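Undergrad: Contents of protein31.txt (compact mmCIF, C-alpha atoms):
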```
# COMPACT_ATOMS: atom_id res chain seq x y z
CA MET A 621 113.61 -123.42 44.95
CA HIS A 622 115.98 -120.47 44.65
CA SER A 623 118.24 -119.22 47.45
CA ASP A 624 116.04 -116.18 47.95
CA GLY A 625 113.07 -118.38 48.87
CA THR A 626 111.31 -118.08 45.52
CA VAL A 627 110.29 -120.56 42.83
CA SER A 628 110.14 -120.10 39.06
CA ILE A 629 106.82 -120.75 37.37
CA THR A 630 105.07 -119.93 34.10
CA VAL A 631 101.66 -118.22 34.23
CA ASN A 632 99.73 -117.89 30.96
CA GLY A 633 102.98 -118.13 29.01
CA GLU A 634 104.91 -115.61 31.13
CA HIS A 635 107.82 -116.57 33.42
CA LYS A 636 107.47 -115.41 37.02
CA ARG A 637 109.34 -115.83 40.31
CA VAL A 638 107.03 -116.02 43.31
CA THR A 639 107.40 -116.76 47.00
CA ALA A 640 107.76 -120.46 47.73
CA GLY A 641 104.88 -122.11 49.56
CA LEU A 642 102.06 -120.08 47.99
CA THR A 643 98.82 -121.83 47.24
CA ILE A 644 97.22 -121.26 43.85
CA ALA A 645 94.53 -119.18 45.53
CA GLN A 646 97.14 -116.98 47.22
CA LEU A 647 98.97 -116.60 43.91
CA ALA A 648 95.75 -115.52 42.21
CA GLU A 649 95.12 -112.90 44.90
CA GLU A 650 98.68 -111.57 44.50
CA LEU A 651 97.93 -111.18 40.81
CA GLY A 652 94.81 -109.17 41.66
CA LEU A 653 92.42 -111.94 40.70
CA ILE A 654 89.44 -113.46 42.49
CA PRO A 655 89.95 -117.24 42.83
CA ALA A 656 86.21 -117.95 42.87
CA LYS A 657 85.91 -116.57 39.33
CA LEU A 658 88.80 -118.51 37.79
CA ALA A 659 89.57 -121.86 36.27
CA VAL A 660 93.16 -123.11 36.64
CA GLU A 661 95.12 -125.71 34.73
CA ARG A 662 98.40 -126.89 36.34
CA ASN A 663 100.83 -128.81 34.17
CA LEU A 664 98.01 -129.67 31.71
CA GLU A 665 95.66 -130.91 34.46
CA VAL A 666 92.64 -128.94 35.67
CA VAL A 667 92.79 -128.05 39.35
CA PRO A 668 89.35 -128.33 41.02
CA ARG A 669 88.31 -124.91 42.24
CA SER A 670 87.53 -126.40 45.66
CA THR A 671 91.25 -127.22 46.13
CA LEU A 672 92.79 -123.89 45.05
CA ASN A 673 93.41 -123.03 48.72
CA GLU A 674 95.28 -126.30 49.23
CA VAL A 675 97.44 -126.89 46.14
CA ILE A 676 100.96 -125.45 46.59
CA VAL A 677 102.73 -123.84 43.63
CA GLU A 678 105.99 -125.68 42.96
CA ASP A 679 109.14 -124.79 41.07
CA GLY A 680 108.72 -125.36 37.33
CA ASP A 681 104.90 -125.36 37.38
CA GLU A 682 103.12 -124.20 34.23
CA LEU A 683 99.78 -122.60 35.04
CA GLU A 684 96.97 -121.51 32.75
CA ILE A 685 94.47 -119.19 34.44
CA VAL A 686 91.32 -118.37 32.50
CA HIS A 687 88.02 -116.58 33.03
CA PHE A 688 85.10 -115.55 30.88
CA VAL A 689 85.31 -112.36 28.84
CA GLY A 690 82.61 -110.47 27.01
CA GLY A 691 81.72 -107.04 25.74
CA GLY A 692 78.93 -104.58 25.15
CA ASP A 693 76.79 -102.33 27.27
CA HIS A 694 74.88 -103.53 30.28
CA GLY A 695 71.17 -104.06 29.77
CA ARG A 696 68.87 -101.09 30.11
CA PRO A 697 65.12 -100.79 30.11
CA VAL A 698 63.55 -100.25 26.70
CA ASP A 699 61.73 -96.94 26.66
CA GLU A 700 58.16 -96.61 25.51
CA ASP A 701 57.97 -96.59 21.72
CA THR A 702 54.79 -95.15 20.23
CA TRP A 703 53.80 -93.85 16.84
CA THR A 704 51.40 -91.12 15.77
CA VAL A 705 49.14 -90.74 12.76
CA ALA A 706 46.88 -87.74 12.18
CA GLY A 707 47.39 -86.60 15.77
CA LYS A 708 46.46 -89.96 17.33
CA THR A 709 49.11 -91.92 19.21
CA PHE A 710 49.22 -95.71 19.43
CA GLY A 711 51.41 -98.24 21.24
CA SER A 712 50.80 -101.22 18.97
CA ARG A 713 52.30 -101.05 15.48
CA LEU A 714 50.19 -103.93 14.22
CA ILE A 715 46.89 -103.18 12.47
CA VAL A 716 44.64 -106.13 11.71
CA GLY A 717 41.69 -106.64 9.41
CA THR A 718 38.30 -108.07 10.28
CA GLY A 719 37.54 -110.25 7.27
CA LYS A 720 37.77 -114.00 6.53
CA TYR A 721 37.36 -115.16 10.14
CA LYS A 722 35.15 -118.11 11.05
CA ASP A 723 32.95 -115.84 13.17
CA PHE A 724 33.02 -112.62 15.15
CA GLU A 725 34.14 -114.43 18.30
CA GLN A 726 37.27 -115.77 16.61
CA ASN A 727 37.91 -112.34 15.13
CA ALA A 728 37.67 -110.68 18.54
CA ALA A 729 39.98 -113.27 20.11
CA ALA A 730 42.56 -112.74 17.37
CA VAL A 731 42.46 -108.97 17.84
CA ALA A 732 43.02 -109.43 21.56
CA ALA A 733 45.96 -111.79 20.97
CA SER A 734 47.52 -109.41 18.45
CA GLY A 735 47.46 -106.47 20.82
CA ALA A 736 46.24 -104.31 17.93
CA GLU A 737 44.71 -100.95 18.76
CA ILE A 738 43.38 -100.36 15.22
CA VAL A 739 41.23 -102.66 13.08
CA THR A 740 40.15 -102.09 9.51
CA VAL A 741 36.45 -102.45 8.83
CA ALA A 742 34.61 -102.67 5.54
CA VAL A 743 31.52 -100.55 4.99
CA ARG A 744 28.66 -102.77 3.82
CA ARG A 745 24.88 -102.51 3.53
CA VAL A 746 22.81 -103.21 6.61
CA ASN A 747 21.03 -106.56 6.56
CA VAL A 748 17.49 -105.15 6.47
CA SER A 749 15.99 -108.64 6.38
CA ASP A 750 17.48 -109.43 9.82
CA PRO A 751 18.16 -106.21 11.73
CA ASN A 752 18.95 -108.21 14.88
CA ALA A 753 21.80 -110.19 13.29
CA PRO A 754 25.13 -109.96 15.20
CA MET A 755 27.39 -107.07 14.26
CA LEU A 756 31.14 -106.58 14.61
CA THR A 757 30.61 -103.84 17.17
CA ASP A 758 29.00 -106.42 19.47
CA TYR A 759 32.38 -108.18 19.71
CA ILE A 760 35.03 -105.51 19.10
CA ASP A 761 34.18 -102.36 21.03
CA PRO A 762 34.88 -99.22 18.96
CA ARG A 763 35.26 -97.29 22.22
CA LYS A 764 38.33 -99.40 23.02
CA ILE A 765 39.66 -100.28 19.56
CA THR A 766 39.98 -97.67 16.83
CA TYR A 767 37.93 -98.56 13.78
CA LEU A 768 39.56 -97.70 10.44
CA PRO A 769 36.88 -97.67 7.72
CA ASN A 770 38.25 -99.21 4.55
CA THR A 771 37.22 -98.87 0.90
CA ALA A 772 38.01 -102.52 0.11
CA GLY A 773 36.32 -103.58 -3.10
CA CYS A 774 36.17 -100.11 -4.65
CA PHE A 775 37.46 -99.85 -8.23
CA ASP A 776 37.10 -96.12 -8.87
CA ALA A 777 37.52 -92.89 -6.95
CA GLU A 778 33.82 -92.10 -6.87
CA SER A 779 32.77 -95.30 -5.12
CA ALA A 780 35.62 -95.00 -2.61
CA ILE A 781 34.70 -91.41 -1.76
CA ARG A 782 31.03 -92.29 -1.48
CA THR A 783 31.84 -95.17 0.86
CA LEU A 784 33.90 -93.01 3.18
CA ARG A 785 31.33 -90.23 3.26
CA LEU A 786 28.83 -92.80 4.51
CA ALA A 787 31.37 -94.11 7.04
CA ARG A 788 31.88 -90.62 8.43
CA GLU A 789 28.14 -90.13 8.70
CA ALA A 790 27.71 -93.49 10.44
CA GLY A 791 30.49 -93.19 13.00
CA GLY A 792 32.08 -89.79 12.69
CA TRP A 793 35.30 -91.27 11.33
CA GLU A 794 37.77 -88.98 9.60
CA LEU A 795 40.80 -91.25 9.91
CA VAL A 796 40.15 -93.75 7.11
CA LYS A 797 41.92 -96.24 4.91
CA LEU A 798 41.68 -95.58 1.19
CA GLU A 799 42.26 -98.21 -1.45
CA VAL A 800 41.14 -97.96 -5.06
CA LEU A 801 41.79 -101.17 -6.94
CA GLY A 802 42.71 -101.45 -10.61
CA GLU A 803 41.26 -104.86 -11.39
CA ALA A 804 40.10 -108.00 -9.62
CA ARG A 805 42.85 -110.47 -10.54
CA THR A 806 45.83 -108.74 -8.95
CA LEU A 807 43.98 -106.28 -6.66
CA TYR A 808 46.77 -103.83 -7.44
CA PRO A 809 45.92 -100.20 -6.71
CA ASP A 810 44.90 -97.90 -9.54
CA MET A 811 47.25 -95.03 -8.70
CA VAL A 812 45.55 -92.46 -10.93
CA GLU A 813 42.21 -93.02 -9.21
CA THR A 814 43.88 -93.37 -5.81
CA LEU A 815 45.62 -90.01 -6.15
CA ARG A 816 42.41 -88.33 -7.31
CA ALA A 817 40.44 -89.78 -4.39
CA THR A 818 43.15 -88.74 -1.93
CA GLU A 819 43.02 -85.12 -3.08
CA ILE A 820 39.23 -84.93 -2.82
CA LEU A 821 39.05 -86.65 0.58
CA ALA A 822 41.77 -84.44 2.04
CA LYS A 823 39.91 -81.31 0.89
CA GLU A 824 36.76 -82.64 2.60
CA GLY A 825 38.55 -82.99 5.93
CA PHE A 826 39.28 -86.71 5.80
CA LYS A 827 42.63 -88.06 6.99
CA PRO A 828 43.33 -90.89 4.54
CA MET A 829 45.85 -93.66 5.13
CA VAL A 830 46.45 -94.76 1.56
CA TYR A 831 47.15 -98.20 0.08
CA CYS A 832 49.53 -97.86 -2.86
CA VAL A 833 52.14 -99.50 -5.05
CA ASP A 834 55.65 -99.84 -3.65
CA ASP A 835 56.88 -96.82 -5.61
CA PRO A 836 58.67 -93.96 -3.81
CA ILE A 837 57.57 -91.41 -6.45
CA ALA A 838 53.90 -92.38 -6.17
CA ALA A 839 54.22 -92.38 -2.37
CA LYS A 840 55.55 -88.83 -2.37
CA ARG A 841 52.71 -87.64 -4.59
CA LEU A 842 50.17 -89.16 -2.24
CA GLU A 843 51.79 -87.44 0.71
CA ASP A 844 51.70 -84.11 -1.11
CA ALA A 845 48.03 -84.73 -1.93
CA GLY A 846 47.11 -85.09 1.75
CA ALA A 847 47.70 -88.71 2.72
CA VAL A 848 48.40 -88.97 6.47
CA ALA A 849 50.08 -92.37 6.07
CA ILE A 850 51.56 -94.26 3.12
CA MET A 851 50.73 -97.98 2.91
CA PRO A 852 52.72 -99.69 0.15
CA LEU A 853 51.96 -103.30 -0.66
CA GLY A 854 54.54 -105.92 0.19
CA ALA A 855 52.97 -108.36 -2.29
CA PRO A 856 49.47 -108.80 -3.78
CA ILE A 857 46.59 -108.73 -1.28
CA GLY A 858 46.00 -112.12 0.30
CA SER A 859 49.02 -113.74 -1.41
CA GLY A 860 51.16 -114.33 1.69
CA LEU A 861 54.29 -113.98 -0.46
CA GLY A 862 56.06 -111.62 1.90
CA ILE A 863 57.81 -108.37 1.03
CA GLN A 864 58.96 -108.73 -2.55
CA ASN A 865 60.90 -105.49 -2.95
CA GLN A 866 62.72 -104.39 0.16
CA VAL A 867 64.65 -101.74 -1.73
CA THR A 868 61.62 -99.66 -2.72
CA ILE A 869 59.97 -100.04 0.70
CA ARG A 870 63.15 -98.70 2.30
CA LEU A 871 63.25 -95.79 -0.17
CA ILE A 872 59.63 -94.91 0.66
CA VAL A 873 60.48 -94.95 4.38
CA GLU A 874 63.52 -92.74 3.85
CA GLY A 875 61.59 -90.19 1.80
CA ALA A 876 58.35 -89.98 3.77
CA LYS A 877 57.42 -87.40 6.39
CA VAL A 878 54.31 -89.36 7.38
CA PRO A 879 54.08 -92.90 8.78
CA VAL A 880 54.76 -95.79 6.40
CA LEU A 881 53.06 -99.15 6.95
CA VAL A 882 53.37 -102.28 4.85
CA ASP A 883 49.90 -103.25 3.71
CA ALA A 884 49.23 -106.61 2.03
CA GLY A 885 51.34 -109.65 1.27
CA VAL A 886 52.55 -110.61 4.75
CA GLY A 887 52.25 -114.37 5.29
CA SER A 888 54.49 -115.24 8.21
CA ALA A 889 55.90 -113.65 11.33
CA SER A 890 59.28 -113.29 9.64
CA ASP A 891 57.66 -111.19 6.89
CA ALA A 892 56.29 -108.81 9.51
CA ALA A 893 59.68 -108.57 11.20
CA VAL A 894 61.37 -107.75 7.89
CA GLY A 895 58.95 -104.89 7.28
CA MET A 896 59.68 -103.43 10.68
CA GLU A 897 63.44 -103.86 10.25
CA LEU A 898 63.19 -101.75 7.08
CA GLY A 899 62.03 -98.89 9.28
CA CYS A 900 58.29 -99.06 8.65
CA ASP A 901 56.08 -97.57 11.34
CA GLY A 902 53.73 -100.53 11.29
CA ILE A 903 52.25 -103.51 9.46
CA LEU A 904 48.67 -104.13 8.36
CA MET A 905 47.46 -107.66 7.77
CA ASN A 906 44.31 -109.75 7.60
CA THR A 907 44.65 -112.99 5.66
CA ALA A 908 47.92 -114.02 7.33
CA ILE A 909 46.08 -114.28 10.65
CA ALA A 910 42.55 -115.17 9.56
CA GLU A 911 43.61 -118.06 7.29
CA ALA A 912 46.24 -119.53 9.62
CA LYS A 913 45.47 -122.98 11.01
CA ASP A 914 45.37 -121.36 14.44
CA PRO A 915 44.45 -117.68 13.98
CA ILE A 916 44.77 -116.85 17.67
CA LEU A 917 48.27 -118.28 17.92
CA MET A 918 49.29 -116.58 14.67
CA ALA A 919 47.98 -113.26 15.97
CA ALA A 920 50.27 -113.62 18.99
CA ALA A 921 53.17 -114.55 16.71
CA MET A 922 52.60 -111.44 14.58
CA LYS A 923 52.51 -109.26 17.68
CA ALA A 924 55.87 -110.62 18.79
CA ALA A 925 57.35 -110.30 15.27
CA VAL A 926 56.34 -106.67 14.88
CA GLU A 927 57.77 -105.83 18.29
CA ALA A 928 61.01 -107.73 17.61
CA GLY A 929 61.44 -106.16 14.19
CA ARG A 930 60.95 -102.70 15.61
CA LEU A 931 63.49 -103.32 18.38
CA SER A 932 65.94 -104.65 15.81
CA TYR A 933 65.52 -101.52 13.68
CA ARG A 934 65.99 -99.23 16.67
CA ALA A 935 69.04 -101.16 17.85
CA GLY A 936 70.80 -100.72 14.52
CA ARG A 937 71.86 -103.69 12.46
CA MET A 938 75.49 -104.80 12.46
CA ALA A 939 77.41 -104.06 9.28
CA LYS A 940 77.53 -106.81 6.68
CA ARG A 941 81.03 -108.14 6.00
CA ARG A 942 82.46 -110.21 3.18
CA TYR A 943 84.55 -112.35 5.53
CA ALA A 944 84.38 -113.84 9.01
CA ASP A 945 85.03 -111.76 12.10
CA PRO A 946 85.49 -113.60 15.43
CA SER A 947 83.05 -112.87 18.22
CA SER A 948 85.57 -113.65 20.95
CA PRO A 949 88.93 -111.82 21.28
CA LEU A 950 91.91 -113.72 19.90
CA ALA A 951 94.21 -112.35 22.62
CA GLY A 952 94.53 -114.49 25.72
CA LEU A 953 93.97 -117.86 24.02
CA ILE A 954 95.39 -120.86 25.86
```
Could you quickly redo this structure as structure tokens?
TA:
Amino acid sequence: MHSDGTVSITVNGEHKRVTAGLTIAQLAEELGLIPAKLAVERNLEVVPRSTLNEVIVEDGDELEIVHFVGGGDHGRPVDEDTWTVAGKTFGSRLIVGTGKYKDFEQNAAAVAASGAEIVTVAVRRVNVSDPNAPMLTDYIDPRKITYLPNTAGCFDAESAIRTLRLAREAGGWELVKLEVLGEARTLYPDMVETLRATEILAKEGFKPMVYCVDDPIAAKRLEDAGAVAIMPLGAPIGSGLGIQNQVTIRLIVEGAKVPVLVDAGVGSASDAAVGMELGCDGILMNTAIAEAKDPILMAAAMKAAVEAGRLSYRAGRMAKRRYADPSSPLAGLI
């Protein structure tokens, strides 16, 4: 101890002279610290926090005082995030199909688990031999879930237009999903016929959401022709291969003034999240849910993936770096 009643100590590598007889807790308070939030090492031995009010600082002591550090903004509530197509606003960004399910009950349960507010429906002939047979509307109420009539299975503009005219007559639907396929093996869209059908439908007052190739030029032409949403394929219909060309999907998103939704090719929840992280407004899927071992559980997984992908996109991805960058600050290391 020095003649002036002080002792010399080292705190976090810095030499200090402090009043003799201080406890570690009193020293911490003099330094502007809260003892209850600290961990202290004295001469290479950890001092139990319960004894900080008892242990006296002695001349020559070497103390390490640490606490937890972090960064970033405090949490805030996530605001409501909706999207709009043809004047209609929806909360869910997941659209699901109604084919390939074991039965209507399973289909309805999957829709409920997915949280979807829109389902695609195929237009097919009425079963005149059994007019009392169950119908989709008995299980999925079109007053609560928006039906999106779909031209699945049409291979020319004429048949697609004819199908949607009947759909409008049957249910008054103007918001429709148009797909005109080129051939049966790949189920790739025939863009010449698709563009022609889009122009005719738009002139007749339809609001077509259009399935197309993942080509930003073709997407822009469809938009100019009257498409209210662009729906590029991620991979061939029913393949489950995931999004094969993220670059062109991103270019379509960047160039479009109408909603963009990935349609076809999603197989797993991670595929759905990728589509949303590219900035798409939504994802449409059928087979990924209907052919899962547990369709209801997969529907819930897809709901979560679409929501997570959207939040990730809104949050803004960190920059990619060529080399490591430490998460914790290097200053203040023991």
Undergrad: Quick check, in Å to one decimal: how far apart do CA of Leu904 (chain A) and CA of Thr704 (chain A) lie?
TA: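 It comes out at 15.2 Å.
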Undergrad: Need the shell around Gly858 (chain A): protein/DNA/RNA residues with any atom at most 9 Å away, counting all atoms listed in the file. Skip same-chain ones fewer than 6 positions apart. Format as a compact mmCIF listing (two decimals) with C-alpha atoms, keeping the file's coordinate frame?
TA:
```
# COMPACT_ATOMS: atom_id res chain seq x y z
CA ALA A 884 49.23 -106.61 2.03
CA GLY A 885 51.34 -109.65 1.27
CA VAL A 886 52.55 -110.61 4.75
CA GLY A 887 52.25 -114.37 5.29
CA MET A 905 47.46 -107.66 7.77
CA ASN A 906 44.31 -109.75 7.60
CA THR A 907 44.65 -112.99 5.66
CA ALA A 908 47.92 -114.02 7.33
```
Undergrad: Enter the distance from CA of Ala659 (chain A) to CA of His622 (chain A), in Å, rounded to one decimal.
TA: 27.7 Å
Undergrad: Tell me which protein, DNA and RNA residues are within 10 Å of region 724-726 of chain A, counting all atoms listed in the file, leaving out same-chain ones fewer than 3 positions away, and put them as a list in words.
TA: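 In the requested form, the answer reads Thr718, Gly719, Lys720, Tyr721, Ala729, Ala730, Val731, Ala732, Pro754, Met755, Leu756, Thr757, Asp758, Tyr759, Ile760, Ala910, Pro915 and Ile916 of chain A.
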Undergrad: Write a file of the just-selected residues containing C-alpha atoms, as a JSON list (two decimals), in the coordinates of the input.
TA:
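Contents of the output file out05.json:
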```json
[["chain", "number", "residue", "atom", "x", "y", "z"],
["A", 718, "THR", "CA", 38.30, -108.07, 10.28],
["A", 719, "GLY", "CA", 37.54, -110.25, 7.27],
["A", 720, "LYS", "CA", 37.77, -114.00, 6.53],
["A", 721, "TYR", "CA", 37.36, -115.16, 10.14],
["A", 729, "ALA", "CA", 39.98, -113.27, 20.11],
["A", 730, "ALA", "CA", 42.56, -112.74, 17.37],
["A", 731, "VAL", "CA", 42.46, -108.97, 17.84],
["A", 732, "ALA", "CA", 43.02, -109.43, 21.56],
["A", 754, "PRO", "CA", 25.13, -109.96, 15.20],
["A", 755, "MET", "CA", 27.39, -107.07, 14.26],
["A", 756, "LEU", "CA", 31.14, -106.58, 14.61],
["A", 757, "THR", "CA", 30.61, -103.84, 17.17],
["A", 758, "ASP", "CA", 29.00, -106.42, 19.47],
["A", 759, "TYR", "CA", 32.38, -108.18, 19.71],
["A", 760, "ILE", "CA", 35.03, -105.51, 19.10],
["A", 910, "ALA", "CA", 42.55, -115.17, 9.56],
["A", 915, "PRO", "CA", 44.45, -117.68, 13.98],
["A", 916, "ILE", "CA", 44.77, -116.85, 17.67]]
```
Undergrad: Neighbours of Glu843 (chain A) within 9 Å (all atoms listed in the file; same-chain residues fewer than 4 positions away dropped), as a list of chain:residue names?
TA: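 Within the cut-off, the hits are A:Ala838, A:Ala839, A:Ala847, A:Val848, A:Ala849, A:Ile850, A:Ala876, A:Lys877, A:Val878.
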Undergrad: What does the distance between CA of Ile715 (chain A) and CA of Leu801 (chain A) come to in Å, to one decimal place?
TA: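 According to the coordinates, CA of Ile715 (chain A) and CA of Leu801 (chain A) are separated by 20.2 Å.
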Undergrad: What's the 9 Å shell around Ala787 (chain A), counting only C-alpha atoms, without same-chain residues fewer than 6 positions away, as number ranges by chain?
TA: A: 743, 769-770, 793-794, 796
Undergrad: What lies within 7 Å of Leu795 (chain A) using all atoms listed in the file, ignoring chain neighbours under 2 positions off, as a list in words?
TA: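 Final neighbour list, sorted by chain and number: Leu768, Trp793, Phe826, Lys827 and Pro828 of chain A.
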Undergrad: Could you tell me which of A:Ile872, A:Val867, A:Met621, A:Cys900 comes closest to Cys832 (chain A) if we count only C-alpha atoms?
TA: A:Ile872
Undergrad: Looking at A:Gly846, A:Leu714, A:Glu799, A:Ala656, which one is nearest to Thr702 (chain A), with distances taken over only C-alpha atoms?
TA: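 Residue with the minimum atom-to-atom distance to Thr702 (chain A): A:Leu714.
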Undergrad: Determine, counting all atoms listed in the file, every residue of protein, DNA or RNA that lies within 8 Å of (59.6, -107.2, 0.9) in the file coordinates, then give the result as a PyMOL selection string.
TA: chain A and resi 854-855+862-867+869+891+894-895
Undergrad: Given the selection you just returned, output its residues as a file containing C-alpha atoms, formatted as a tab-separated table (two decimals), in the frame of the given file.
TA:
```tsv
chain	number	residue	atom	x	y	z
A	854	GLY	CA	54.54	-105.92	0.19
A	855	ALA	CA	52.97	-108.36	-2.29
A	862	GLY	CA	56.06	-111.62	1.90
A	863	ILE	CA	57.81	-108.37	1.03
A	864	GLN	CA	58.96	-108.73	-2.55
A	865	ASN	CA	60.90	-105.49	-2.95
A	866	GLN	CA	62.72	-104.39	0.16
A	867	VAL	CA	64.65	-101.74	-1.73
A	869	ILE	CA	59.97	-100.04	0.70
A	891	ASP	CA	57.66	-111.19	6.89
A	894	VAL	CA	61.37	-107.75	7.89
A	895	GLY	CA	58.95	-104.89	7.28
```
Undergrad: Between A:Asp901, A:Glu789, A:Glu824, A:Glu678, single out the one closest to Met851 (chain A), counting all atoms listed in the file.
TA: A:Asp901
Undergrad: Measuring between only C-alpha atoms, which one of A:Leu917, A:Leu881, A:Ala944, A:Leu861 shows the shortest distance to Gly902 (chain A)?
TA: A:Leu881
Undergrad: Once you count all atoms listed in the file, which residues end up no further than 12 Å from (41.2, -103.2, -10.8) in the file's frame, shown as a ChimeraX atom specification?
TA: /A:772-777,799-814
Undergrad: From the set A:Ile654, A:Ala928, A:Ala939, A:Val716, which residue has the shortest atom-to-atom contact distance to Val882 (chain A), counting all atoms listed in the file?
TA: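 Of A:Ile654, A:Ala928, A:Ala939, A:Val716, the one nearest Val882 (chain A) is A:Val716, counting all atoms listed in the file.
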